[in-house]
Amino acid sequence: LNDFLRFTKLSSLELKPGSVNHQVTHVLDFFETQANNQGVEIKRYLDAELPSINLDSQTLQAALINLVKNAMEAMPNGGQLVARTRITRKGVALDLIDTGCGMEASALINMFKEFYTSKDGGTGLGLPTAKKIIEAHDARINVQSEVGQGTQFTIEFPTPRRI
């Protein structure tokens, strides 16, 4: 229900200058205990020179929580989650890379469609909501995945224009 409510009210984001590194750190810290218990090593490669982006802290964290939650679920017997931020020609990128089970081609094609799920008990709203949040930040999300190897989500945010 919370996913659905988030999905329906994204039109009123309050974008303010903020740090992607801060957002990622907050989310990874939230998952640290679960990762330790599950045998997942979290590696952080966060570029200290990253410029600010315009973001809505609460909604962006919700999107990142969903992506990290999915990565953790893909590694029930341990693995590695890498979070990397970097400067690009057009702005800032965040890569979330897991060594989990990866996704089949059918899941990759449908993963951002509302109500599509490959999980028992899943709502099929987590990834569509995350994508909608990311796009509301004028950003884009890409995914690469290979069954048995893992998945990489890349989010590319524009940096604010200077006047």
# chains A, B, ... in the order shown; residues from 1 in each chain; ligands from 1
>>> residues_around(residues="segment 76-88 of chain A", least_positions_apart="6", cutoff="6 Å", atoms="only C-alpha atoms", output="VMD selection string")
chain A and resid 38 to 47 94 to 99
>>> closest_residue(among="A:Leu28, A:Leu60, A:Leu67, A:Ala48", to="Lys16 of chain A", atoms="only C-alpha atoms")
A:Leu60
>>> residues_around(residues="Gly18 of chain A", least_positions_apart="2", cutoff="12 Å", atoms="only C-alpha atoms", output="PyMOL selection string")
chain A and resi 14-16+20-24+50-58+60+92+137+157+159-160
>>> residues_around(residues="Glu146 of chain A", least_positions_apart="5", cutoff="7 Å", atoms="only C-alpha atoms", output="NGL selection string")
:A and (102-103 or 151)
>>> residues_around(residues="Thr59 of chain A", least_positions_apart="3", cutoff="8 Å", atoms="only C-alpha atoms", output="ChimeraX atom specification")
/A:13,56,62-63,133
